[in-house]
$ cat my_file_16.pdb   # PDB, C-alpha atoms and all ligand atoms
ATOM      1  CA  PRO E   1      59.759 -14.809  -4.545
ATOM      2  CA  GLY E   2      60.522 -18.274  -5.832
ATOM      3  CA  TRP E   3      63.134 -20.425  -7.509
ATOM      4  CA  TYR E   4      61.824 -19.693 -11.009
ATOM      5  CA  ASP E   5      61.303 -15.946 -10.747
ATOM      6  CA  ASN E   6      64.481 -15.058 -12.685
ATOM      7  CA  ASP E   7      63.188 -17.035 -15.690
ATOM      8  CA  ILE E   8      59.928 -15.106 -15.816
ATOM      9  CA  ASP E   9      59.541 -11.909 -17.822
ATOM     10  CA  ARG E  10      56.281 -10.867 -16.192
ATOM     11  CA  VAL E  11      53.309 -12.252 -14.319
ATOM     12  CA  ILE E  12      50.197 -12.775 -16.449
ATOM     13  CA  VAL E  13      47.875 -14.272 -13.833
ATOM     14  CA  SER E  14      48.809 -13.980 -10.159
ATOM     15  CA  GLU E  15      47.941 -16.407  -7.377
ATOM     16  CA  ASP E  16      45.270 -13.982  -6.148
ATOM     17  CA  ASP E  17      43.833 -13.654  -9.672
ATOM     18  CA  ILE E  18      43.660 -17.445  -9.976
ATOM     19  CA  ARG E  19      41.948 -17.853  -6.611
ATOM     20  CA  ALA E  20      39.329 -15.183  -7.276
ATOM     21  CA  LYS E  21      38.593 -16.341 -10.824
ATOM     22  CA  THR E  22      38.364 -20.008  -9.824
ATOM     23  CA  ASP E  23      35.773 -19.086  -7.211
ATOM     24  CA  GLU E  24      33.821 -17.039  -9.767
ATOM     25  CA  LEU E  25      33.881 -19.880 -12.332
ATOM     26  CA  ALA E  26      32.727 -22.363  -9.680
ATOM     27  CA  LYS E  27      29.757 -20.128  -8.839
ATOM     28  CA  GLN E  28      28.798 -19.897 -12.521
ATOM     29  CA  VAL E  29      29.027 -23.656 -13.013
ATOM     30  CA  ALA E  30      27.080 -24.303  -9.790
ATOM     31  CA  ALA E  31      24.272 -22.006 -10.949
ATOM     32  CA  ASP E  32      24.070 -23.716 -14.353
ATOM     33  CA  TYR E  33      24.155 -27.202 -12.799
ATOM     34  CA  ALA E  34      21.780 -26.463  -9.920
ATOM     35  CA  GLN E  35      19.391 -29.170 -11.136
ATOM     36  CA  ALA E  36      22.082 -31.823 -11.597
ATOM     37  CA  ASP E  37      22.517 -34.676  -9.074
ATOM     38  CA  SER E  38      26.244 -34.728  -9.758
ATOM     39  CA  VAL E  39      28.858 -33.710 -12.287
ATOM     40  CA  LEU E  40      31.869 -35.582 -13.612
ATOM     41  CA  LEU E  41      34.992 -33.451 -13.844
ATOM     42  CA  VAL E  42      37.497 -34.733 -16.398
ATOM     43  CA  CYS E  43      40.990 -33.340 -15.841
ATOM     44  CA  VAL E  44      43.255 -33.215 -18.903
ATOM     45  CA  LEU E  45      46.678 -34.193 -17.563
ATOM     46  CA  LYS E  46      49.208 -32.986 -16.996
ATOM     47  CA  GLY E  47      48.600 -29.282 -17.491
ATOM     48  CA  ALA E  48      45.236 -29.120 -15.740
ATOM     49  CA  VAL E  49      46.422 -30.746 -12.507
ATOM     50  CA  MET E  50      46.531 -27.558 -10.424
ATOM     51  CA  PHE E  51      43.363 -26.058 -11.825
ATOM     52  CA  MET E  52      41.466 -29.326 -11.345
ATOM     53  CA  ALA E  53      42.441 -29.503  -7.681
ATOM     54  CA  ASP E  54      41.459 -25.902  -6.979
ATOM     55  CA  PHE E  55      38.346 -25.836  -9.165
ATOM     56  CA  ALA E  56      36.933 -29.048  -7.654
ATOM     57  CA  ARG E  57      37.355 -27.656  -4.132
ATOM     58  CA  ALA E  58      35.778 -24.336  -5.110
ATOM     59  CA  LEU E  59      32.841 -26.099  -6.766
ATOM     60  CA  SER E  60      32.185 -28.114  -3.631
ATOM     61  CA  ARG E  61      31.264 -24.886  -1.827
ATOM     62  CA  TYR E  62      28.453 -24.032  -4.248
ATOM     63  CA  GLY E  63      27.520 -26.840  -6.584
ATOM     64  CA  PRO E  64      26.452 -30.433  -6.898
ATOM     65  CA  PRO E  65      28.867 -33.160  -5.804
ATOM     66  CA  ALA E  66      31.613 -33.809  -8.330
ATOM     67  CA  GLU E  67      33.279 -37.048  -9.319
ATOM     68  CA  LEU E  68      36.880 -36.708 -10.501
ATOM     69  CA  GLU E  69      38.328 -38.461 -13.527
ATOM     70  CA  PHE E  70      41.664 -38.046 -15.263
ATOM     71  CA  MET E  71      42.798 -38.420 -18.850
ATOM     72  CA  ALA E  72      46.231 -37.869 -20.314
ATOM     73  CA  VAL E  73      46.523 -37.044 -23.997
ATOM     74  CA  SER E  74      49.301 -36.017 -26.316
ATOM     75  CA  SER E  75      49.275 -34.516 -29.782
ATOM     76  CA  TYR E  76      50.619 -37.076 -32.234
ATOM     77  CA  GLY E  77      54.240 -36.457 -33.194
ATOM     78  CA  GLN E  78      54.812 -33.372 -31.046
ATOM     79  CA  GLY E  79      55.835 -31.330 -34.116
ATOM     80  CA  MET E  80      55.736 -27.579 -34.357
ATOM     81  CA  THR E  81      52.294 -27.722 -35.931
ATOM     82  CA  SER E  82      49.828 -29.944 -34.166
ATOM     83  CA  SER E  83      48.076 -32.326 -36.537
ATOM     84  CA  GLY E  84      45.054 -32.508 -34.299
ATOM     85  CA  VAL E  85      45.566 -36.268 -34.086
ATOM     86  CA  VAL E  86      45.628 -36.986 -30.397
ATOM     87  CA  ARG E  87      47.002 -40.071 -28.679
ATOM     88  CA  ILE E  88      45.469 -41.274 -25.416
ATOM     89  CA  LEU E  89      48.208 -41.871 -22.831
ATOM     90  CA  LYS E  90      45.712 -42.565 -20.068
ATOM     91  CA  ASP E  91      42.065 -43.242 -20.773
ATOM     92  CA  LEU E  92      39.044 -42.785 -18.524
ATOM     93  CA  ASP E  93      38.762 -45.535 -15.919
ATOM     94  CA  ARG E  94      35.022 -45.886 -16.173
ATOM     95  CA  ASP E  95      31.956 -45.573 -18.306
ATOM     96  CA  ILE E  96      30.695 -41.997 -18.681
ATOM     97  CA  ALA E  97      27.465 -42.847 -20.498
ATOM     98  CA  GLY E  98      24.645 -40.657 -19.240
ATOM     99  CA  LYS E  99      26.956 -38.514 -17.106
ATOM    100  CA  ARG E 100      27.106 -34.738 -17.192
ATOM    101  CA  VAL E 101      30.754 -34.111 -17.980
ATOM    102  CA  ILE E 102      32.811 -30.955 -17.503
ATOM    103  CA  VAL E 103      36.259 -31.016 -19.105
ATOM    104  CA  VAL E 104      38.792 -29.152 -16.980
ATOM    105  CA  GLU E 105      41.660 -27.659 -19.017
ATOM    106  CA  ASP E 106      44.482 -25.311 -18.126
ATOM    107  CA  ILE E 107      44.669 -23.617 -21.541
ATOM    108  CA  VAL E 108      43.051 -23.577 -24.958
ATOM    109  CA  ASP E 109      45.736 -22.652 -27.484
ATOM    110  CA  SER E 110      45.056 -23.884 -31.060
ATOM    111  CA  GLY E 111      41.979 -25.729 -29.772
ATOM    112  CA  LEU E 112      43.044 -28.966 -31.462
ATOM    113  CA  THR E 113      43.392 -31.007 -28.259
ATOM    114  CA  LEU E 114      40.027 -29.945 -26.938
ATOM    115  CA  SER E 115      38.268 -30.311 -30.266
ATOM    116  CA  TRP E 116      39.404 -33.928 -30.447
ATOM    117  CA  LEU E 117      38.575 -34.584 -26.808
ATOM    118  CA  LEU E 118      35.027 -33.251 -27.102
ATOM    119  CA  LYS E 119      34.316 -35.603 -30.006
ATOM    120  CA  TYR E 120      35.804 -38.483 -28.027
ATOM    121  CA  LEU E 121      33.692 -37.809 -24.917
ATOM    122  CA  GLU E 122      30.546 -37.437 -26.994
ATOM    123  CA  SER E 123      31.304 -40.770 -28.674
ATOM    124  CA  ARG E 124      31.355 -42.289 -25.176
ATOM    125  CA  SER E 125      27.727 -41.169 -24.768
ATOM    126  CA  ALA E 126      28.077 -38.496 -22.098
ATOM    127  CA  ALA E 127      24.715 -36.857 -21.382
ATOM    128  CA  SER E 128      26.311 -33.436 -21.819
ATOM    129  CA  VAL E 129      29.824 -32.051 -22.161
ATOM    130  CA  ASP E 130      30.923 -28.563 -21.173
ATOM    131  CA  VAL E 131      34.409 -27.104 -20.841
ATOM    132  CA  VAL E 132      36.013 -24.945 -18.189
ATOM    133  CA  ALA E 133      39.428 -23.563 -19.104
ATOM    134  CA  LEU E 134      41.476 -21.257 -16.927
ATOM    135  CA  LEU E 135      43.252 -19.664 -19.902
ATOM    136  CA  ARG E 136      42.578 -19.117 -23.578
ATOM    137  CA  LYS E 137      44.679 -17.566 -26.349
ATOM    138  CA  PRO E 138      42.077 -16.077 -28.712
ATOM    139  CA  ASP E 139      44.685 -15.175 -31.362
ATOM    140  CA  ALA E 140      46.015 -18.745 -31.564
ATOM    141  CA  ILE E 141      42.731 -20.562 -32.224
ATOM    142  CA  LYS E 142      42.825 -22.823 -35.317
ATOM    143  CA  VAL E 143      39.597 -24.731 -34.843
ATOM    144  CA  PRO E 144      36.487 -23.224 -33.301
ATOM    145  CA  VAL E 145      35.807 -24.984 -30.023
ATOM    146  CA  PRO E 146      32.984 -24.237 -27.601
ATOM    147  CA  VAL E 147      34.456 -23.267 -24.243
ATOM    148  CA  LYS E 148      31.567 -22.354 -21.985
ATOM    149  CA  TYR E 149      33.622 -21.167 -19.013
ATOM    150  CA  VAL E 150      36.858 -19.216 -19.552
ATOM    151  CA  GLY E 151      38.994 -17.690 -16.830
ATOM    152  CA  PHE E 152      41.300 -15.345 -18.715
ATOM    153  CA  ASP E 153      41.938 -14.478 -22.348
ATOM    154  CA  ILE E 154      45.671 -13.946 -22.683
ATOM    155  CA  PRO E 155      48.037 -12.860 -25.478
ATOM    156  CA  SER E 156      49.801 -15.460 -27.631
ATOM    157  CA  GLU E 157      53.018 -15.539 -25.649
ATOM    158  CA  PHE E 158      54.786 -18.539 -24.147
ATOM    159  CA  VAL E 159      53.343 -18.902 -20.663
ATOM    160  CA  VAL E 160      54.263 -21.352 -17.917
ATOM    161  CA  GLY E 161      53.287 -22.123 -14.347
ATOM    162  CA  TYR E 162      50.261 -23.432 -12.469
ATOM    163  CA  GLY E 163      50.417 -26.696 -14.408
ATOM    164  CA  LEU E 164      51.735 -25.296 -17.691
ATOM    165  CA  ASP E 165      55.210 -26.481 -18.645
ATOM    166  CA  TYR E 166      58.178 -25.773 -20.806
ATOM    167  CA  ALA E 167      59.976 -29.121 -21.313
ATOM    168  CA  GLU E 168      58.202 -30.455 -18.177
ATOM    169  CA  ARG E 169      59.480 -27.599 -15.994
ATOM    170  CA  TYR E 170      57.598 -24.790 -14.256
ATOM    171  CA  ARG E 171      54.400 -26.787 -13.646
ATOM    172  CA  ASP E 172      54.912 -26.360  -9.900
ATOM    173  CA  MET E 173      55.121 -22.560 -10.078
ATOM    174  CA  PRO E 174      52.080 -21.091  -8.280
ATOM    175  CA  TYR E 175      51.254 -18.367 -10.819
ATOM    176  CA  VAL E 176      51.188 -17.999 -14.620
ATOM    177  CA  GLY E 177      53.963 -15.985 -16.214
ATOM    178  CA  VAL E 178      55.605 -15.274 -19.559
ATOM    179  CA  LEU E 179      58.809 -17.244 -19.982
ATOM    180  CA  LYS E 180      61.864 -15.149 -20.903
ATOM    181  CA  PRO E 181      62.850 -15.999 -24.513
ATOM    182  CA  GLU E 182      66.463 -16.532 -23.417
ATOM    183  CA  VAL E 183      65.298 -19.589 -21.451
ATOM    184  CA  TYR E 184      64.116 -21.481 -24.525
ATOM    185  CA  GLN E 185      66.730 -20.007 -26.850
ATOM    186  CA  ARG E 186      69.671 -21.246 -24.826
TER     187      ARG E 186
HETATM  188  C1  LIG N   1      48.910 -28.282 -23.499
HETATM  189  C2  LIG N   1      47.830 -27.684 -22.627
HETATM  190  C3  LIG N   1      46.554 -28.084 -23.320
HETATM  191  C4  LIG N   1      46.959 -28.089 -24.790
HETATM  192  C5  LIG N   1      46.479 -26.842 -25.461
HETATM  193  O1  LIG N   1      49.053 -29.643 -23.198
HETATM  194  O2  LIG N   1      47.890 -28.220 -21.320
HETATM  195  O3  LIG N   1      46.143 -29.368 -22.936
HETATM  196  O4  LIG N   1      48.405 -28.118 -24.822
HETATM  197  O5  LIG N   1      46.979 -26.771 -26.768
HETATM  198  P1  LIG N   1      46.052 -26.803 -28.062
HETATM  199  O6  LIG N   1      44.829 -25.976 -27.800
HETATM  200  O7  LIG N   1      46.955 -26.187 -29.130
HETATM  201  O8  LIG N   1      45.723 -28.222 -28.378
HETATM  202  P2  LIG N   1      50.320 -30.506 -23.678
HETATM  203  O9  LIG N   1      49.982 -31.225 -24.946
HETATM  204  O10 LIG N   1      51.544 -29.634 -23.673
HETATM  205  O11 LIG N   1      50.457 -31.621 -22.540
HETATM  206  P3  LIG N   1      50.607 -31.344 -20.962
HETATM  207  O12 LIG N   1      49.261 -30.885 -20.474
HETATM  208  O13 LIG N   1      50.976 -32.662 -20.391
HETATM  209  O14 LIG N   1      51.678 -30.300 -20.778
HETATM  210 MN    MN N   2      47.552 -30.302 -21.538
HETATM  211 MG    MG N   3      52.725 -29.179 -22.172
END
$ encode --input "my_file_16.pdb" --output "structure tokens" --more "lines below"
Ligand code: PRP
Ligand code: MN
Ligand code: MG
Amino acid sequence: PGWYDNDIDRVIVSEDDIRAKTDELAKQVAADYAQADSVLLVCVLKGAVMFMADFARALSRYGPPAELEFMAVSSYGQGMTSSGVVRILKDLDRDIAGKRVIVVEDIVDSGLTLSWLLKYLESRSAASVDVVALLRKPDAIKVPVPVKYVGFDIPSEFVVGYGLDYAERYRDMPYVGVLKPEVYQR
């Protein structure tokens, strides 16, 4: 039980589900990157903060050493329909040329953020770019985007927790749940 539980309609991905799936994804990535000297994990703030922390630790049990980088991006305008024009709030701190990059995202919704980000990272001459996303909403996709590692496909409902927010709240909740409509209708 937690502070937010009354605002949540139902749990979509529990803490146990997240732990088990993160471990499974780390094993998959480690197997695919067995020949790599290192990987560069790029966390997409703020939503991916929890998943980045847990995924990086899981990967360290199985895979090559990881370097951690952080970007913060925001869809331009914040309207109801994302234009796909993304503004960089915090850029990479260093050169990624020649690095094997894995983008760490909490959720792929329309795909617009990730689609833009992949082009950006490729323009910075990364040696390779893959994506690991904990969640994906298959019914909400607007642009096809290659996500090599996906934790859970979920329905197109408003979910919060484990990094995902509604108006900056609920990011600290330890699981992913569907927000009760009365919370955003009031
Ligand atoms: C959310 C989420 C993803 C993106 C997915 O981030 O964390 O990054 O939207 O949506 P898309 O596939 O439709 O582009 P948001 O822009 O809310 O910023 P935040 O991570 O700081 O919450
Ligand atoms: Mn985000
Ligand atoms: Mg958000």
$ resolve_selection --input "my_file_16.pdb" --expression "the PyMOL selection byres (((not hetatm)) within 12 of (chain N and resi 2))" --output "number ranges by chain"
E: 43-52, 70-75, 86, 88-89, 103-114, 117, 133-135, 160, 162-166, 168, 171
$ residues_around --input "my_file_16.pdb" --residues "Trp3 (chain E)" --least-positions-apart "3" --cutoff "12 Å" --atoms "all atoms listed in the file" --output "list in words"
Asn6, Asp7, Ile8, Arg169, Tyr170, Asp172, Met173 and Pro174 of chain E
$ atom_distance --input "my_file_16.pdb" --atom1 "CA of Lys142 (chain E)" --atom2 "CA of Val129 (chain E)"
20.7 Å
$ closest_residue --input "my_file_16.pdb" --among "E:Val42, E:Leu25, E:Gly177, E:Asp54" --to "Lys90 (chain E)" --atoms "all atoms listed in the file"
E:Val42
$ atom_distance --input "my_file_16.pdb" --atom1 "CA of Asp153 (chain E)" --atom2 "CA of Asp130 (chain E)"
17.9 Å
$ residues_around --input "my_file_16.pdb" --residues "Ile102 (chain E)" --least-positions-apart "6" --cutoff "12 Å" --atoms "only C-alpha atoms" --output "number ranges by chain"
E: 26, 29-30, 32-33, 38-44, 52, 55-56, 59, 66-70, 96, 114, 117-118, 121-122, 126-133, 147-149
$ atom_distance --input "my_file_16.pdb" --atom1 "CA of Ala140 (chain E)" --atom2 "atom O7 of ligand LIG 1 (chain N)"
7.9 Å
$ closest_residue --input "my_file_16.pdb" --among "E:Val178, E:Trp116, E:Val150, E:Tyr184" --to "Ile12 (chain E)" --atoms "only C-alpha atoms"
E:Val178
$ closest_residue --input "my_file_16.pdb" --among "E:Ile154, E:Ile18, E:Val85, E:Val13" --to "Tyr120 (chain E)" --atoms "only C-alpha atoms"
E:Val85
$ residues_near_point --input "my_file_16.pdb" --point "(26.4, -42.2, -24.0)" --cutoff "6 Å" --atoms "only C-alpha atoms" --output "PyMOL selection string"
chain E and resi 97-98+124-126
$ axis_aligned_box --input "my_file_16.pdb" --around "ligand LIG 1 (chain N)" --padding-each-side "3 Å" --output "lines of an AutoDock Vina configuration file"
center_x = 48.3
center_y = -29.3
center_z = -24.8
size_x = 12.8
size_y = 12.7
size_z = 14.7
$ closest_residue --input "my_file_16.pdb" --among "E:Asp139, E:Glu182, E:Glu15, E:Asp23" --to "ligand LIG 1 (chain N)" --atoms "only C-alpha atoms and all ligand atoms"
E:Asp139
$ build_atoms --input "my_file_16.pdb" --residues "region 13-47 of chain E" --atoms "N, CA and C atoms" --output "PDB file, in the frame of the given file"
ATOM      1  N   VAL E  13      48.977 -14.020 -14.762  1.00  0.00           N
ATOM      2  CA  VAL E  13      47.875 -14.272 -13.833  1.00  0.00           C
ATOM      3  C   VAL E  13      48.479 -14.627 -12.475  1.00  0.00           C
ATOM      4  N   SER E  14      48.218 -13.785 -11.492  1.00  0.00           N
ATOM      5  CA  SER E  14      48.809 -13.980 -10.159  1.00  0.00           C
ATOM      6  C   SER E  14      48.046 -15.041  -9.365  1.00  0.00           C
ATOM      7  N   GLU E  15      48.618 -15.440  -8.245  1.00  0.00           N
ATOM      8  CA  GLU E  15      47.941 -16.407  -7.377  1.00  0.00           C
ATOM      9  C   GLU E  15      46.586 -15.866  -6.914  1.00  0.00           C
ATOM     10  N   ASP E  16      46.540 -14.593  -6.574  1.00  0.00           N
ATOM     11  CA  ASP E  16      45.270 -13.982  -6.148  1.00  0.00           C
ATOM     12  C   ASP E  16      44.251 -13.972  -7.282  1.00  0.00           C
ATOM     13  N   ASP E  17      44.721 -13.642  -8.496  1.00  0.00           N
ATOM     14  CA  ASP E  17      43.833 -13.654  -9.672  1.00  0.00           C
ATOM     15  C   ASP E  17      43.249 -15.056  -9.874  1.00  0.00           C
ATOM     16  N   ILE E  18      44.103 -16.061  -9.758  1.00  0.00           N
ATOM     17  CA  ILE E  18      43.660 -17.445  -9.976  1.00  0.00           C
ATOM     18  C   ILE E  18      42.605 -17.830  -8.940  1.00  0.00           C
ATOM     19  N   ARG E  19      42.882 -17.498  -7.696  1.00  0.00           N
ATOM     20  CA  ARG E  19      41.948 -17.853  -6.611  1.00  0.00           C
ATOM     21  C   ARG E  19      40.585 -17.201  -6.825  1.00  0.00           C
ATOM     22  N   ALA E  20      40.593 -15.907  -7.107  1.00  0.00           N
ATOM     23  CA  ALA E  20      39.329 -15.183  -7.276  1.00  0.00           C
ATOM     24  C   ALA E  20      38.555 -15.691  -8.495  1.00  0.00           C
ATOM     25  N   LYS E  21      39.271 -15.909  -9.595  1.00  0.00           N
ATOM     26  CA  LYS E  21      38.593 -16.341 -10.824  1.00  0.00           C
ATOM     27  C   LYS E  21      38.059 -17.760 -10.687  1.00  0.00           C
ATOM     28  N   THR E  22      38.803 -18.626 -10.018  1.00  0.00           N
ATOM     29  CA  THR E  22      38.364 -20.008  -9.824  1.00  0.00           C
ATOM     30  C   THR E  22      37.058 -20.024  -9.029  1.00  0.00           C
ATOM     31  N   ASP E  23      36.986 -19.186  -8.015  1.00  0.00           N
ATOM     32  CA  ASP E  23      35.773 -19.086  -7.211  1.00  0.00           C
ATOM     33  C   ASP E  23      34.590 -18.595  -8.061  1.00  0.00           C
ATOM     34  N   GLU E  24      34.856 -17.589  -8.885  1.00  0.00           N
ATOM     35  CA  GLU E  24      33.821 -17.039  -9.767  1.00  0.00           C
ATOM     36  C   GLU E  24      33.336 -18.094 -10.771  1.00  0.00           C
ATOM     37  N   LEU E  25      34.255 -18.831 -11.376  1.00  0.00           N
ATOM     38  CA  LEU E  25      33.881 -19.880 -12.332  1.00  0.00           C
ATOM     39  C   LEU E  25      33.065 -20.966 -11.635  1.00  0.00           C
ATOM     40  N   ALA E  26      33.461 -21.328 -10.423  1.00  0.00           N
ATOM     41  CA  ALA E  26      32.727 -22.363  -9.680  1.00  0.00           C
ATOM     42  C   ALA E  26      31.295 -21.914  -9.407  1.00  0.00           C
ATOM     43  N   LYS E  27      31.119 -20.648  -9.074  1.00  0.00           N
ATOM     44  CA  LYS E  27      29.757 -20.128  -8.839  1.00  0.00           C
ATOM     45  C   LYS E  27      28.922 -20.191 -10.114  1.00  0.00           C
ATOM     46  N   GLN E  28      29.521 -19.831 -11.238  1.00  0.00           N
ATOM     47  CA  GLN E  28      28.798 -19.897 -12.521  1.00  0.00           C
ATOM     48  C   GLN E  28      28.384 -21.325 -12.843  1.00  0.00           C
ATOM     49  N   VAL E  29      29.323 -22.255 -12.711  1.00  0.00           N
ATOM     50  CA  VAL E  29      29.027 -23.656 -13.013  1.00  0.00           C
ATOM     51  C   VAL E  29      27.948 -24.170 -12.061  1.00  0.00           C
ATOM     52  N   ALA E  30      28.060 -23.842 -10.779  1.00  0.00           N
ATOM     53  CA  ALA E  30      27.080 -24.303  -9.790  1.00  0.00           C
ATOM     54  C   ALA E  30      25.678 -23.803 -10.147  1.00  0.00           C
ATOM     55  N   ALA E  31      25.579 -22.565 -10.580  1.00  0.00           N
ATOM     56  CA  ALA E  31      24.272 -22.006 -10.949  1.00  0.00           C
ATOM     57  C   ALA E  31      23.698 -22.751 -12.151  1.00  0.00           C
ATOM     58  N   ASP E  32      24.544 -23.029 -13.145  1.00  0.00           N
ATOM     59  CA  ASP E  32      24.070 -23.716 -14.353  1.00  0.00           C
ATOM     60  C   ASP E  32      23.734 -25.184 -14.093  1.00  0.00           C
ATOM     61  N   TYR E  33      24.361 -25.782 -13.103  1.00  0.00           N
ATOM     62  CA  TYR E  33      24.155 -27.202 -12.799  1.00  0.00           C
ATOM     63  C   TYR E  33      23.325 -27.403 -11.524  1.00  0.00           C
ATOM     64  N   ALA E  34      22.553 -26.386 -11.166  1.00  0.00           N
ATOM     65  CA  ALA E  34      21.780 -26.463  -9.920  1.00  0.00           C
ATOM     66  C   ALA E  34      20.823 -27.655  -9.907  1.00  0.00           C
ATOM     67  N   GLN E  35      20.353 -28.062 -11.073  1.00  0.00           N
ATOM     68  CA  GLN E  35      19.391 -29.170 -11.136  1.00  0.00           C
ATOM     69  C   GLN E  35      20.072 -30.531 -11.262  1.00  0.00           C
ATOM     70  N   ALA E  36      21.382 -30.547 -11.380  1.00  0.00           N
ATOM     71  CA  ALA E  36      22.082 -31.823 -11.597  1.00  0.00           C
ATOM     72  C   ALA E  36      22.328 -32.538 -10.266  1.00  0.00           C
ATOM     73  N   ASP E  37      22.232 -33.887 -10.280  1.00  0.00           N
ATOM     74  CA  ASP E  37      22.517 -34.676  -9.074  1.00  0.00           C
ATOM     75  C   ASP E  37      24.014 -34.694  -8.796  1.00  0.00           C
ATOM     76  N   SER E  38      24.790 -34.724  -9.892  1.00  0.00           N
ATOM     77  CA  SER E  38      26.244 -34.728  -9.758  1.00  0.00           C
ATOM     78  C   SER E  38      26.849 -34.331 -11.095  1.00  0.00           C
ATOM     79  N   VAL E  39      28.121 -33.975 -11.050  1.00  0.00           N
ATOM     80  CA  VAL E  39      28.858 -33.710 -12.287  1.00  0.00           C
ATOM     81  C   VAL E  39      30.127 -34.553 -12.273  1.00  0.00           C
ATOM     82  N   LEU E  40      30.629 -34.824 -13.485  1.00  0.00           N
ATOM     83  CA  LEU E  40      31.869 -35.582 -13.612  1.00  0.00           C
ATOM     84  C   LEU E  40      32.932 -34.655 -14.192  1.00  0.00           C
ATOM     85  N   LEU E  41      33.901 -34.305 -13.375  1.00  0.00           N
ATOM     86  CA  LEU E  41      34.992 -33.451 -13.844  1.00  0.00           C
ATOM     87  C   LEU E  41      36.064 -34.319 -14.479  1.00  0.00           C
ATOM     88  N   VAL E  42      36.434 -34.001 -15.715  1.00  0.00           N
ATOM     89  CA  VAL E  42      37.497 -34.733 -16.398  1.00  0.00           C
ATOM     90  C   VAL E  42      38.705 -33.812 -16.564  1.00  0.00           C
ATOM     91  N   CYS E  43      39.738 -34.109 -15.816  1.00  0.00           N
ATOM     92  CA  CYS E  43      40.990 -33.340 -15.841  1.00  0.00           C
ATOM     93  C   CYS E  43      41.850 -33.819 -17.008  1.00  0.00           C
ATOM     94  N   VAL E  44      42.362 -32.870 -17.797  1.00  0.00           N
ATOM     95  CA  VAL E  44      43.255 -33.215 -18.903  1.00  0.00           C
ATOM     96  C   VAL E  44      44.704 -33.055 -18.426  1.00  0.00           C
ATOM     97  N   LEU E  45      45.301 -34.190 -18.077  1.00  0.00           N
ATOM     98  CA  LEU E  45      46.678 -34.193 -17.563  1.00  0.00           C
ATOM     99  C   LEU E  45      47.669 -33.903 -18.690  1.00  0.00           C
ATOM    100  N   LYS E  46      48.870 -33.329 -18.361  1.00  0.00           N
ATOM    101  CA  LYS E  46      49.208 -32.986 -16.996  1.00  0.00           C
ATOM    102  C   LYS E  46      48.853 -31.548 -16.654  1.00  0.00           C
ATOM    103  N   GLY E  47      48.693 -30.727 -17.698  1.00  0.00           N
ATOM    104  CA  GLY E  47      48.600 -29.282 -17.491  1.00  0.00           C
ATOM    105  C   GLY E  47      47.511 -28.842 -16.532  1.00  0.00           C
TER     106      GLY E  47
END
